[in-house]
>>> print(open('start-v6.txt').read())   # compact mmCIF, N, CA, C and O atoms
# COMPACT_ATOMS: atom_id res chain seq x y z
N MET J 1 3.00 -5.20 12.84
CA MET J 1 2.52 -4.05 13.59
C MET J 1 3.67 -3.34 14.30
O MET J 1 3.56 -2.17 14.60
N LYS J 2 4.76 -4.04 14.52
CA LYS J 2 5.89 -3.48 15.25
C LYS J 2 6.42 -2.19 14.60
O LYS J 2 6.91 -1.30 15.28
N ASN J 3 6.28 -2.07 13.28
CA ASN J 3 6.78 -0.87 12.61
C ASN J 3 5.90 0.36 12.86
O ASN J 3 6.22 1.45 12.42
N LEU J 4 4.81 0.19 13.62
CA LEU J 4 3.95 1.33 13.98
C LEU J 4 4.31 1.90 15.35
O LEU J 4 3.72 2.88 15.77
N PHE J 5 5.27 1.28 16.04
CA PHE J 5 5.66 1.75 17.36
C PHE J 5 6.89 2.64 17.27
O PHE J 5 7.80 2.39 16.49
N ILE J 6 6.91 3.67 18.11
CA ILE J 6 8.08 4.54 18.25
C ILE J 6 8.22 4.86 19.74
O ILE J 6 7.22 5.06 20.42
N HIS J 7 9.44 4.86 20.21
CA HIS J 7 9.69 5.12 21.63
C HIS J 7 9.57 6.62 21.91
O HIS J 7 9.89 7.45 21.07
N LYS J 8 9.15 6.94 23.11
CA LYS J 8 8.93 8.33 23.51
C LYS J 8 10.18 9.20 23.41
O LYS J 8 10.09 10.41 23.28
N ASN J 9 11.37 8.60 23.44
CA ASN J 9 12.62 9.36 23.36
C ASN J 9 13.20 9.44 21.96
O ASN J 9 14.32 9.91 21.78
N ALA J 10 12.43 9.00 20.96
CA ALA J 10 12.90 9.08 19.57
C ALA J 10 12.99 10.54 19.14
O ALA J 10 12.32 11.41 19.69
N THR J 11 13.82 10.79 18.15
CA THR J 11 13.95 12.14 17.60
C THR J 11 12.92 12.35 16.49
O THR J 11 12.33 11.39 15.98
N ILE J 12 12.77 13.59 16.10
CA ILE J 12 11.89 13.92 14.97
C ILE J 12 12.38 13.18 13.73
O ILE J 12 11.59 12.58 12.99
N SER J 13 13.67 13.19 13.49
CA SER J 13 14.25 12.51 12.32
C SER J 13 13.94 11.01 12.34
O SER J 13 13.52 10.44 11.33
N GLU J 14 14.15 10.36 13.47
CA GLU J 14 13.86 8.92 13.59
C GLU J 14 12.39 8.64 13.36
O GLU J 14 12.03 7.65 12.71
N THR J 15 11.54 9.51 13.85
CA THR J 15 10.10 9.34 13.71
C THR J 15 9.67 9.50 12.26
O THR J 15 8.85 8.73 11.75
N LEU J 16 10.24 10.49 11.57
CA LEU J 16 9.94 10.66 10.15
C LEU J 16 10.34 9.43 9.35
O LEU J 16 9.60 8.96 8.48
N LYS J 17 11.49 8.88 9.65
CA LYS J 17 11.96 7.66 8.97
C LYS J 17 11.03 6.49 9.25
O LYS J 17 10.72 5.71 8.35
N GLN J 18 10.57 6.37 10.49
CA GLN J 18 9.69 5.26 10.86
C GLN J 18 8.32 5.41 10.19
O GLN J 18 7.74 4.43 9.74
N ILE J 19 7.82 6.63 10.09
CA ILE J 19 6.55 6.86 9.38
C ILE J 19 6.71 6.47 7.92
O ILE J 19 5.85 5.81 7.34
N ASP J 20 7.82 6.86 7.31
CA ASP J 20 8.07 6.52 5.92
C ASP J 20 8.14 5.00 5.74
O ASP J 20 7.56 4.44 4.82
N LYS J 21 8.83 4.35 6.64
CA LYS J 21 9.01 2.89 6.59
C LYS J 21 7.68 2.16 6.79
O LYS J 21 7.41 1.15 6.14
N SER J 22 6.83 2.68 7.68
CA SER J 22 5.58 2.00 8.01
C SER J 22 4.52 2.15 6.92
O SER J 22 3.63 1.32 6.81
N GLY J 23 4.58 3.23 6.17
CA GLY J 23 3.56 3.49 5.16
C GLY J 23 2.29 4.08 5.73
O GLY J 23 1.30 4.23 5.04
N HIS J 24 2.31 4.41 7.02
CA HIS J 24 1.15 5.02 7.68
C HIS J 24 1.46 6.49 7.99
O HIS J 24 2.61 6.90 7.96
N ARG J 25 0.43 7.25 8.31
CA ARG J 25 0.61 8.66 8.66
C ARG J 25 0.71 8.86 10.16
O ARG J 25 0.89 9.98 10.63
N HIS J 26 0.57 7.79 10.93
CA HIS J 26 0.59 7.86 12.39
C HIS J 26 1.48 6.77 12.96
O HIS J 26 1.62 5.71 12.36
N LEU J 27 2.03 7.03 14.13
CA LEU J 27 2.76 6.03 14.89
C LEU J 27 2.23 6.02 16.31
O LEU J 27 1.73 7.04 16.81
N ILE J 28 2.38 4.88 16.97
CA ILE J 28 1.96 4.74 18.36
C ILE J 28 3.20 4.95 19.23
O ILE J 28 4.19 4.25 19.08
N VAL J 29 3.13 5.94 20.10
CA VAL J 29 4.26 6.25 20.99
C VAL J 29 4.13 5.37 22.23
O VAL J 29 3.09 5.33 22.88
N THR J 30 5.22 4.66 22.52
CA THR J 30 5.20 3.69 23.61
C THR J 30 6.41 3.85 24.52
O THR J 30 7.36 4.57 24.20
N GLU J 31 6.34 3.12 25.63
CA GLU J 31 7.50 2.95 26.48
C GLU J 31 7.69 1.45 26.63
O GLU J 31 7.35 0.71 25.72
N LYS J 32 8.20 0.99 27.75
CA LYS J 32 8.50 -0.43 27.95
C LYS J 32 7.32 -1.33 27.60
O LYS J 32 6.17 -1.01 27.92
N LYS J 33 7.63 -2.44 26.96
CA LYS J 33 6.66 -3.49 26.64
C LYS J 33 5.45 -2.98 25.84
O LYS J 33 4.33 -3.47 26.00
N ASN J 34 5.66 -1.96 25.02
CA ASN J 34 4.62 -1.41 24.14
C ASN J 34 3.44 -0.81 24.88
O ASN J 34 2.30 -0.85 24.41
N LYS J 35 3.71 -0.23 26.04
CA LYS J 35 2.65 0.47 26.79
C LYS J 35 2.34 1.79 26.09
O LYS J 35 3.23 2.59 25.80
N LEU J 36 1.06 2.03 25.85
CA LEU J 36 0.61 3.22 25.14
C LEU J 36 0.89 4.50 25.93
O LEU J 36 0.51 4.61 27.09
N LEU J 37 1.57 5.44 25.28
CA LEU J 37 1.76 6.77 25.85
C LEU J 37 1.03 7.82 25.02
O LEU J 37 0.63 8.85 25.54
N GLY J 38 0.90 7.56 23.72
CA GLY J 38 0.26 8.53 22.85
C GLY J 38 0.38 8.14 21.40
O GLY J 38 0.77 7.02 21.06
N VAL J 39 0.05 9.10 20.55
CA VAL J 39 0.10 8.90 19.10
C VAL J 39 0.76 10.13 18.50
O VAL J 39 0.56 11.26 18.98
N ILE J 40 1.55 9.92 17.45
CA ILE J 40 2.13 11.04 16.73
C ILE J 40 1.81 10.89 15.25
O ILE J 40 1.87 9.78 14.71
N ALA J 41 1.42 11.98 14.63
CA ALA J 41 1.06 12.00 13.22
C ALA J 41 2.09 12.79 12.43
O ALA J 41 2.82 13.62 13.00
N ASP J 42 2.10 12.56 11.14
CA ASP J 42 3.03 13.31 10.29
C ASP J 42 2.77 14.81 10.40
O ASP J 42 3.69 15.62 10.37
N GLY J 43 1.52 15.20 10.62
CA GLY J 43 1.20 16.62 10.78
C GLY J 43 1.82 17.22 12.04
O GLY J 43 2.23 18.38 12.03
N ASP J 44 1.90 16.44 13.11
CA ASP J 44 2.55 16.91 14.34
C ASP J 44 4.02 17.22 14.06
O ASP J 44 4.56 18.21 14.55
N LEU J 45 4.64 16.37 13.26
CA LEU J 45 6.06 16.56 12.92
C LEU J 45 6.25 17.78 12.02
O LEU J 45 7.17 18.58 12.22
N ARG J 46 5.36 17.94 11.04
CA ARG J 46 5.45 19.12 10.16
C ARG J 46 5.31 20.41 10.95
O ARG J 46 6.07 21.36 10.76
N ARG J 47 4.34 20.45 11.87
CA ARG J 47 4.15 21.65 12.68
C ARG J 47 5.38 21.94 13.54
O ARG J 47 5.78 23.09 13.71
N ALA J 48 5.99 20.90 14.09
CA ALA J 48 7.19 21.08 14.92
C ALA J 48 8.34 21.65 14.08
O ALA J 48 9.04 22.57 14.52
N ILE J 49 8.50 21.14 12.88
CA ILE J 49 9.57 21.63 11.99
C ILE J 49 9.30 23.08 11.60
O ILE J 49 10.21 23.91 11.57
N LEU J 50 8.04 23.41 11.32
CA LEU J 50 7.69 24.80 10.98
C LEU J 50 7.93 25.75 12.14
O LEU J 50 8.18 26.94 11.94
N LYS J 51 7.88 25.21 13.37
CA LYS J 51 8.17 26.02 14.56
C LYS J 51 9.67 26.04 14.87
O LYS J 51 10.07 26.42 15.97
N LYS J 52 10.46 25.59 13.90
CA LYS J 52 11.93 25.63 13.99
C LYS J 52 12.51 24.60 14.96
O LYS J 52 13.63 24.77 15.43
N LYS J 53 11.77 23.53 15.25
CA LYS J 53 12.35 22.44 16.05
C LYS J 53 13.41 21.76 15.20
O LYS J 53 13.25 21.59 13.99
N LYS J 54 14.48 21.34 15.82
CA LYS J 54 15.57 20.65 15.13
C LYS J 54 15.19 19.18 14.91
O LYS J 54 14.44 18.60 15.70
N LEU J 55 15.74 18.58 13.87
CA LEU J 55 15.44 17.19 13.57
C LEU J 55 15.92 16.23 14.65
O LEU J 55 15.41 15.13 14.78
N PHE J 56 16.88 16.67 15.46
CA PHE J 56 17.36 15.81 16.56
C PHE J 56 16.60 16.06 17.87
O PHE J 56 16.92 15.47 18.89
N SER J 57 15.58 16.92 17.83
CA SER J 57 14.73 17.14 19.01
C SER J 57 13.91 15.89 19.29
O SER J 57 13.47 15.19 18.37
N LYS J 58 13.68 15.62 20.55
CA LYS J 58 12.88 14.46 20.97
C LYS J 58 11.40 14.73 20.73
O LYS J 58 10.94 15.87 20.82
N ILE J 59 10.66 13.67 20.47
CA ILE J 59 9.22 13.81 20.21
C ILE J 59 8.40 13.90 21.49
O ILE J 59 7.20 14.13 21.43
N ILE J 60 9.03 13.74 22.62
CA ILE J 60 8.31 13.68 23.89
C ILE J 60 7.43 14.92 24.13
O ILE J 60 6.40 14.83 24.77
N ASN J 61 7.80 16.06 23.58
CA ASN J 61 7.00 17.27 23.74
C ASN J 61 6.11 17.56 22.55
O ASN J 61 5.48 18.62 22.49
N ILE J 62 6.05 16.63 21.61
CA ILE J 62 5.30 16.87 20.38
C ILE J 62 4.07 15.97 20.26
O ILE J 62 3.03 16.40 19.80
N PHE J 63 4.19 14.72 20.68
CA PHE J 63 3.12 13.76 20.42
C PHE J 63 1.87 14.02 21.27
O PHE J 63 1.93 14.66 22.31
N ASN J 64 0.75 13.50 20.80
CA ASN J 64 -0.54 13.62 21.49
C ASN J 64 -0.56 12.64 22.65
O ASN J 64 -0.61 11.43 22.45
N LYS J 65 -0.54 13.17 23.86
CA LYS J 65 -0.50 12.34 25.06
C LYS J 65 -1.89 11.91 25.54
O LYS J 65 -2.00 11.16 26.50
N ARG J 66 -2.91 12.37 24.85
CA ARG J 66 -4.29 12.00 25.21
C ARG J 66 -5.05 11.53 23.97
O ARG J 66 -6.10 12.09 23.62
N PRO J 67 -4.54 10.48 23.32
CA PRO J 67 -5.22 10.03 22.09
C PRO J 67 -6.47 9.23 22.39
O PRO J 67 -6.64 8.70 23.50
N LEU J 68 -7.31 9.15 21.41
CA LEU J 68 -8.44 8.22 21.48
C LEU J 68 -7.86 6.82 21.39
O LEU J 68 -6.98 6.55 20.57
N PHE J 69 -8.32 5.92 22.26
CA PHE J 69 -7.92 4.52 22.18
C PHE J 69 -9.08 3.68 22.69
O PHE J 69 -9.99 4.19 23.34
N PHE J 70 -9.04 2.40 22.36
CA PHE J 70 -10.10 1.49 22.79
C PHE J 70 -9.49 0.36 23.60
O PHE J 70 -8.43 -0.16 23.26
N TYR J 71 -10.19 -0.02 24.66
CA TYR J 71 -9.81 -1.21 25.41
C TYR J 71 -10.35 -2.42 24.66
O TYR J 71 -11.51 -2.42 24.22
N GLN J 72 -9.52 -3.43 24.54
CA GLN J 72 -9.91 -4.65 23.83
C GLN J 72 -11.20 -5.24 24.41
O GLN J 72 -12.07 -5.69 23.67
N SER J 73 -11.35 -5.22 25.71
CA SER J 73 -12.51 -5.83 26.37
C SER J 73 -13.81 -5.07 26.12
O SER J 73 -14.89 -5.63 26.29
N LYS J 74 -13.72 -3.80 25.72
CA LYS J 74 -14.92 -2.99 25.52
C LYS J 74 -15.07 -2.56 24.06
O LYS J 74 -15.85 -1.67 23.74
N PHE J 75 -14.33 -3.19 23.19
CA PHE J 75 -14.21 -2.77 21.80
C PHE J 75 -15.18 -3.52 20.89
O PHE J 75 -15.29 -4.74 20.96
N THR J 76 -15.92 -2.78 20.08
CA THR J 76 -16.68 -3.37 18.98
C THR J 76 -16.37 -2.56 17.73
O THR J 76 -16.17 -1.34 17.80
N THR J 77 -16.33 -3.22 16.61
CA THR J 77 -16.00 -2.54 15.36
C THR J 77 -17.02 -1.45 15.04
O THR J 77 -16.65 -0.35 14.63
N LYS J 78 -18.29 -1.72 15.28
CA LYS J 78 -19.34 -0.74 15.01
C LYS J 78 -19.16 0.52 15.86
O LYS J 78 -19.21 1.63 15.36
N MET J 79 -18.92 0.31 17.15
CA MET J 79 -18.71 1.45 18.06
C MET J 79 -17.46 2.24 17.66
O MET J 79 -17.47 3.46 17.64
N ALA J 80 -16.39 1.53 17.34
CA ALA J 80 -15.14 2.18 16.95
C ALA J 80 -15.32 3.01 15.69
O ALA J 80 -14.89 4.16 15.63
N LYS J 81 -15.96 2.43 14.70
CA LYS J 81 -16.18 3.14 13.44
C LYS J 81 -16.97 4.42 13.66
O LYS J 81 -16.62 5.48 13.15
N ARG J 82 -18.04 4.33 14.45
CA ARG J 82 -18.88 5.51 14.71
C ARG J 82 -18.08 6.60 15.43
O ARG J 82 -18.11 7.77 15.06
N LYS J 83 -17.34 6.21 16.46
CA LYS J 83 -16.56 7.18 17.24
C LYS J 83 -15.47 7.82 16.39
O LYS J 83 -15.23 9.02 16.47
N MET J 84 -14.82 7.02 15.57
CA MET J 84 -13.76 7.53 14.71
C MET J 84 -14.33 8.51 13.67
O MET J 84 -13.73 9.55 13.41
N GLU J 85 -15.47 8.18 13.09
CA GLU J 85 -16.11 9.07 12.13
C GLU J 85 -16.53 10.38 12.79
O GLU J 85 -16.34 11.46 12.24
N ASP J 86 -17.12 10.28 13.99
CA ASP J 86 -17.56 11.47 14.73
C ASP J 86 -16.41 12.43 15.00
O ASP J 86 -16.57 13.64 14.95
N LYS J 87 -15.25 11.88 15.32
CA LYS J 87 -14.09 12.71 15.68
C LYS J 87 -13.16 12.98 14.51
O LYS J 87 -12.18 13.70 14.67
N GLY J 88 -13.43 12.38 13.33
CA GLY J 88 -12.57 12.58 12.17
C GLY J 88 -11.19 11.98 12.36
O GLY J 88 -10.20 12.52 11.89
N ILE J 89 -11.14 10.83 13.04
CA ILE J 89 -9.87 10.17 13.34
C ILE J 89 -9.77 8.91 12.49
O ILE J 89 -10.74 8.18 12.31
N PHE J 90 -8.56 8.66 11.97
CA PHE J 90 -8.36 7.54 11.07
C PHE J 90 -7.49 6.44 11.66
O PHE J 90 -7.22 5.44 11.00
N PHE J 91 -7.01 6.61 12.88
CA PHE J 91 -6.06 5.67 13.46
C PHE J 91 -6.24 5.65 14.97
O PHE J 91 -6.10 6.69 15.62
N VAL J 92 -6.59 4.49 15.52
CA VAL J 92 -6.83 4.38 16.95
C VAL J 92 -6.20 3.09 17.49
O VAL J 92 -6.49 2.01 17.00
N PRO J 93 -5.35 3.22 18.52
CA PRO J 93 -4.78 2.02 19.14
C PRO J 93 -5.83 1.26 19.95
O PRO J 93 -6.76 1.85 20.50
N ILE J 94 -5.66 -0.05 20.00
CA ILE J 94 -6.47 -0.92 20.84
C ILE J 94 -5.53 -1.52 21.88
O ILE J 94 -4.46 -2.04 21.52
N VAL J 95 -5.92 -1.42 23.15
CA VAL J 95 -5.03 -1.83 24.23
C VAL J 95 -5.71 -2.86 25.14
O VAL J 95 -6.94 -2.97 25.16
N ASN J 96 -4.89 -3.58 25.91
CA ASN J 96 -5.44 -4.48 26.92
C ASN J 96 -5.66 -3.69 28.21
O ASN J 96 -5.48 -2.46 28.23
N ASP J 97 -6.00 -4.36 29.28
CA ASP J 97 -6.32 -3.66 30.53
C ASP J 97 -5.11 -2.99 31.18
O ASP J 97 -5.26 -2.16 32.07
N LYS J 98 -3.89 -3.31 30.72
CA LYS J 98 -2.67 -2.68 31.24
C LYS J 98 -2.15 -1.60 30.29
O LYS J 98 -1.03 -1.14 30.42
N LYS J 99 -2.98 -1.25 29.29
CA LYS J 99 -2.65 -0.26 28.26
C LYS J 99 -1.49 -0.68 27.37
O LYS J 99 -0.77 0.14 26.83
N ILE J 100 -1.31 -1.98 27.22
CA ILE J 100 -0.35 -2.52 26.27
C ILE J 100 -1.03 -2.59 24.91
O ILE J 100 -2.12 -3.16 24.79
N VAL J 101 -0.41 -2.02 23.90
CA VAL J 101 -1.01 -1.99 22.56
C VAL J 101 -1.01 -3.40 21.98
O VAL J 101 0.02 -4.06 21.92
N ILE J 102 -2.19 -3.82 21.55
CA ILE J 102 -2.32 -5.16 20.96
C ILE J 102 -2.78 -5.11 19.50
O ILE J 102 -2.62 -6.07 18.77
N ASP J 103 -3.33 -3.96 19.09
CA ASP J 103 -3.82 -3.82 17.72
C ASP J 103 -4.12 -2.35 17.45
O ASP J 103 -3.91 -1.50 18.31
N TYR J 104 -4.64 -2.07 16.30
CA TYR J 104 -5.09 -0.72 15.97
C TYR J 104 -6.22 -0.81 14.97
O TYR J 104 -6.43 -1.82 14.33
N LYS J 105 -6.97 0.24 14.87
CA LYS J 105 -8.10 0.32 13.93
C LYS J 105 -7.90 1.49 13.03
O LYS J 105 -7.39 2.51 13.39
>>> encode(input="start-v6.txt", output="structure tokens")
Amino acid sequence: MKNLFIHKNATISETLKQIDKSGHRHLIVTEKKNKLLGVIADGDLRRAILKKKKLFSKIINIFNKRPLFFYQSKFTTKMAKRKMEDKGIFFVPIVNDKKIVIDYK
């Protein structure tokens, strides 16, 4: 799962490489100890490049800072599936009570 994490100060180029390496279309943006800050998708990066952002630009102004996520203590697969389908979302982090990422759906 570690290959799904990217630090908030990563560049667009680093993020593209990490997405390619992970095989997923999304990465979880974190800070110290894998604390959830947001999610970034390949589409976010494409839009940034189309807006003439440089590949060495930081992702801190690009990623979704208000992603859907689930707390481990309140998480059920049925509830998650329904919410994800309703919102058309394919990737959701699961966090503990300190917002440390422990899994994803």
>>> residues_around(input="start-v6.txt", residues="Glu31 in chain J", least_positions_apart="6", cutoff="6 Å", atoms="all atoms listed in the file", output="list in words")
Ile6, His7, Lys8 and Leu37 of chain J
>>> write_last_selection(input="start-v6.txt", atoms="N, CA, C and O atoms", output="PDB file, keeping the file's coordinate frame")
ATOM      1  N   ILE J   6       6.910   3.670  18.110  1.00  0.00           N
ATOM      2  CA  ILE J   6       8.080   4.540  18.250  1.00  0.00           C
ATOM      3  C   ILE J   6       8.220   4.860  19.740  1.00  0.00           C
ATOM      4  O   ILE J   6       7.220   5.060  20.420  1.00  0.00           O
ATOM      5  N   HIS J   7       9.440   4.860  20.210  1.00  0.00           N
ATOM      6  CA  HIS J   7       9.690   5.120  21.630  1.00  0.00           C
ATOM      7  C   HIS J   7       9.570   6.620  21.910  1.00  0.00           C
ATOM      8  O   HIS J   7       9.890   7.450  21.070  1.00  0.00           O
ATOM      9  N   LYS J   8       9.150   6.940  23.110  1.00  0.00           N
ATOM     10  CA  LYS J   8       8.930   8.330  23.510  1.00  0.00           C
ATOM     11  C   LYS J   8      10.180   9.200  23.410  1.00  0.00           C
ATOM     12  O   LYS J   8      10.090  10.410  23.280  1.00  0.00           O
ATOM     13  N   LEU J  37       1.570   5.440  25.280  1.00  0.00           N
ATOM     14  CA  LEU J  37       1.760   6.770  25.850  1.00  0.00           C
ATOM     15  C   LEU J  37       1.030   7.820  25.020  1.00  0.00           C
ATOM     16  O   LEU J  37       0.630   8.850  25.540  1.00  0.00           O
TER      17      LEU J  37
END
>>> residues_around(input="start-v6.txt", residues="Lys21 in chain J", least_positions_apart="6", cutoff="10 Å", atoms="only C-alpha atoms", output="short mmCIF file (atom, residue, chain, number, x, y, z; two decimals) with N, CA, C and O atoms, keeping the file's coordinate frame")
data_model
loop_
_atom_site.label_atom_id
_atom_site.label_comp_id
_atom_site.auth_asym_id
_atom_site.auth_seq_id
_atom_site.Cartn_x
_atom_site.Cartn_y
_atom_site.Cartn_z
N ASN J 3 6.28 -2.07 13.28
CA ASN J 3 6.78 -0.87 12.61
C ASN J 3 5.90 0.36 12.86
O ASN J 3 6.22 1.45 12.42
N LEU J 4 4.81 0.19 13.62
CA LEU J 4 3.95 1.33 13.98
C LEU J 4 4.31 1.90 15.35
O LEU J 4 3.72 2.88 15.77
N THR J 15 11.54 9.51 13.85
CA THR J 15 10.10 9.34 13.71
C THR J 15 9.67 9.50 12.26
O THR J 15 8.85 8.73 11.75
#
>>> residues_around(input="start-v6.txt", residues="His24 in chain J", least_positions_apart="4", cutoff="8 Å", atoms="only N, CA, C and O atoms", output="list in words")
Asn3, Leu4, Thr15, Leu16, Gln18, Ile19, Asp20, Ile40, Ala41 and Asp42 of chain J
>>> write_last_selection(input="start-v6.txt", atoms="N, CA, C and O atoms", output="mmCIF file, keeping the file's coordinate frame")
data_model
loop_
_atom_site.group_PDB
_atom_site.id
_atom_site.type_symbol
_atom_site.label_atom_id
_atom_site.label_comp_id
_atom_site.auth_asym_id
_atom_site.auth_seq_id
_atom_site.Cartn_x
_atom_site.Cartn_y
_atom_site.Cartn_z
ATOM 1 N N ASN J 3 6.280 -2.070 13.280
ATOM 2 C CA ASN J 3 6.780 -0.870 12.610
ATOM 3 C C ASN J 3 5.900 0.360 12.860
ATOM 4 O O ASN J 3 6.220 1.450 12.420
ATOM 5 N N LEU J 4 4.810 0.190 13.620
ATOM 6 C CA LEU J 4 3.950 1.330 13.980
ATOM 7 C C LEU J 4 4.310 1.900 15.350
ATOM 8 O O LEU J 4 3.720 2.880 15.770
ATOM 9 N N THR J 15 11.540 9.510 13.850
ATOM 10 C CA THR J 15 10.100 9.340 13.710
ATOM 11 C C THR J 15 9.670 9.500 12.260
ATOM 12 O O THR J 15 8.850 8.730 11.750
ATOM 13 N N LEU J 16 10.240 10.490 11.570
ATOM 14 C CA LEU J 16 9.940 10.660 10.150
ATOM 15 C C LEU J 16 10.340 9.430 9.350
ATOM 16 O O LEU J 16 9.600 8.960 8.480
ATOM 17 N N GLN J 18 10.570 6.370 10.490
ATOM 18 C CA GLN J 18 9.690 5.260 10.860
ATOM 19 C C GLN J 18 8.320 5.410 10.190
ATOM 20 O O GLN J 18 7.740 4.430 9.740
ATOM 21 N N ILE J 19 7.820 6.630 10.090
ATOM 22 C CA ILE J 19 6.550 6.860 9.380
ATOM 23 C C ILE J 19 6.710 6.470 7.920
ATOM 24 O O ILE J 19 5.850 5.810 7.340
ATOM 25 N N ASP J 20 7.820 6.860 7.310
ATOM 26 C CA ASP J 20 8.070 6.520 5.920
ATOM 27 C C ASP J 20 8.140 5.000 5.740
ATOM 28 O O ASP J 20 7.560 4.440 4.820
ATOM 29 N N ILE J 40 1.550 9.920 17.450
ATOM 30 C CA ILE J 40 2.130 11.040 16.730
ATOM 31 C C ILE J 40 1.810 10.890 15.250
ATOM 32 O O ILE J 40 1.870 9.780 14.710
ATOM 33 N N ALA J 41 1.420 11.980 14.630
ATOM 34 C CA ALA J 41 1.060 12.000 13.220
ATOM 35 C C ALA J 41 2.090 12.790 12.430
ATOM 36 O O ALA J 41 2.820 13.620 13.000
ATOM 37 N N ASP J 42 2.100 12.560 11.140
ATOM 38 C CA ASP J 42 3.030 13.310 10.290
ATOM 39 C C ASP J 42 2.770 14.810 10.400
ATOM 40 O O ASP J 42 3.690 15.620 10.370
#
>>> atom_distance(input="start-v6.txt", atom1="atom N of Val29 in chain J", atom2="atom N of Met84 in chain J")
18.5 Å
>>> atom_distance(input="start-v6.txt", atom1="atom C of Lys53 in chain J", atom2="atom O of Ser13 in chain J")
12.0 Å
>>> closest_residue(input="start-v6.txt", among="J:Lys35, J:Lys58, J:Ala48, J:Glu85", to="Asn9 in chain J", atoms="only C-alpha atoms")
J:Lys58
>>> residues_around(input="start-v6.txt", residues="Leu36 in chain J", least_positions_apart="2", cutoff="8 Å", atoms="all atoms listed in the file", output="PyMOL selection string")
chain J and resi 28-34+38-39+64-65+95+98-102
>>> atom_distance(input="start-v6.txt", atom1="CA of Phe70 in chain J", atom2="CA of Lys17 in chain J")
26.8 Å
>>> select_by_dssp(input="start-v6.txt", residues="chain J", states="strand (DSSP E or B)", output="number ranges by chain")
J: 5-7, 11, 26-30, 35-41, 58, 64, 70-71, 93-95, 100-104
>>> residues_around(input="start-v6.txt", residues="Leu68 in chain J", least_positions_apart="2", cutoff="6 Å", atoms="all atoms listed in the file", output="MDAnalysis selection string")
chainID J and resid 66 70 91:93
>>> closest_residue(input="start-v6.txt", among="J:Leu27, J:Ile59, J:Ala80, J:Ile89", to="Arg47 in chain J", atoms="only C-alpha atoms")
J:Ile59
>>> closest_residue(input="start-v6.txt", among="J:Asp44, J:Phe63, J:Ser22, J:Leu55", to="Lys2 in chain J", atoms="only C-alpha atoms")
J:Ser22
>>> axis_aligned_box(input="start-v6.txt", around="range 22-36 of chain J", padding_each_side="5 Å", output="JSON")
{"center_x": 4.5, "center_y": 3.2, "center_z": 16.5, "size_x": 18.1, "size_y": 23.5, "size_z": 32.9}
>>> decode(input="start-v6.txt", residues="range 5-9 of chain J", atoms="all heavy atoms", output="PDB file, in the first residue's frame")
ATOM      1  N   PHE J   5       0.983   6.226  -1.518  1.00  0.00           N
ATOM      2  CA  PHE J   5       1.174   7.472  -0.787  1.00  0.00           C
ATOM      3  C   PHE J   5       2.096   8.409  -1.547  1.00  0.00           C
ATOM      4  O   PHE J   5       3.067   7.983  -2.157  1.00  0.00           O
ATOM      5  CB  PHE J   5       1.802   7.217   0.586  1.00  0.00           C
ATOM      6  CG  PHE J   5       0.940   6.416   1.519  1.00  0.00           C
ATOM      7  CD1 PHE J   5       1.520   5.529   2.398  1.00  0.00           C
ATOM      8  CD2 PHE J   5      -0.429   6.550   1.536  1.00  0.00           C
ATOM      9  CE1 PHE J   5       0.751   4.796   3.281  1.00  0.00           C
ATOM     10  CE2 PHE J   5      -1.211   5.818   2.413  1.00  0.00           C
ATOM     11  CZ  PHE J   5      -0.624   4.938   3.285  1.00  0.00           C
ATOM     12  N   ILE J   6       1.777   9.699  -1.478  1.00  0.00           N
ATOM     13  CA  ILE J   6       2.641  10.739  -2.041  1.00  0.00           C
ATOM     14  C   ILE J   6       2.622  11.907  -1.050  1.00  0.00           C
ATOM     15  O   ILE J   6       1.576  12.214  -0.475  1.00  0.00           O
ATOM     16  CB  ILE J   6       2.190  11.172  -3.470  1.00  0.00           C
ATOM     17  CG1 ILE J   6       3.243  11.986  -4.189  1.00  0.00           C
ATOM     18  CG2 ILE J   6       0.855  11.864  -3.448  1.00  0.00           C
ATOM     19  CD1 ILE J   6       4.327  11.202  -4.819  1.00  0.00           C
ATOM     20  N   HIS J   7       3.773  12.499  -0.844  1.00  0.00           N
ATOM     21  CA  HIS J   7       3.879  13.609   0.106  1.00  0.00           C
ATOM     22  C   HIS J   7       3.320  14.887  -0.516  1.00  0.00           C
ATOM     23  O   HIS J   7       3.420  15.098  -1.726  1.00  0.00           O
ATOM     24  CB  HIS J   7       5.341  13.809   0.519  1.00  0.00           C
ATOM     25  CG  HIS J   7       5.494  14.735   1.678  1.00  0.00           C
ATOM     26  ND1 HIS J   7       5.667  16.084   1.521  1.00  0.00           N
ATOM     27  CD2 HIS J   7       5.472  14.496   3.014  1.00  0.00           C
ATOM     28  CE1 HIS J   7       5.759  16.651   2.718  1.00  0.00           C
ATOM     29  NE2 HIS J   7       5.644  15.701   3.651  1.00  0.00           N
ATOM     30  N   LYS J   8       2.775  15.737   0.318  1.00  0.00           N
ATOM     31  CA  LYS J   8       2.146  16.984  -0.140  1.00  0.00           C
ATOM     32  C   LYS J   8       3.099  17.898  -0.902  1.00  0.00           C
ATOM     33  O   LYS J   8       2.667  18.719  -1.698  1.00  0.00           O
ATOM     34  CB  LYS J   8       1.545  17.738   1.036  1.00  0.00           C
ATOM     35  CG  LYS J   8       2.587  18.238   2.024  1.00  0.00           C
ATOM     36  CD  LYS J   8       1.968  18.966   3.178  1.00  0.00           C
ATOM     37  CE  LYS J   8       3.045  19.452   4.145  1.00  0.00           C
ATOM     38  NZ  LYS J   8       2.483  20.174   5.260  1.00  0.00           N
ATOM     39  N   ASN J   9       4.406  17.771  -0.695  1.00  0.00           N
ATOM     40  CA  ASN J   9       5.383  18.620  -1.376  1.00  0.00           C
ATOM     41  C   ASN J   9       5.973  17.987  -2.631  1.00  0.00           C
ATOM     42  O   ASN J   9       6.921  18.520  -3.205  1.00  0.00           O
ATOM     43  CB  ASN J   9       6.510  19.010  -0.420  1.00  0.00           C
ATOM     44  CG  ASN J   9       6.019  19.948   0.655  1.00  0.00           C
ATOM     45  OD1 ASN J   9       5.181  20.818   0.408  1.00  0.00           O
ATOM     46  ND2 ASN J   9       6.512  19.781   1.859  1.00  0.00           N
TER      47      ASN J   9
END
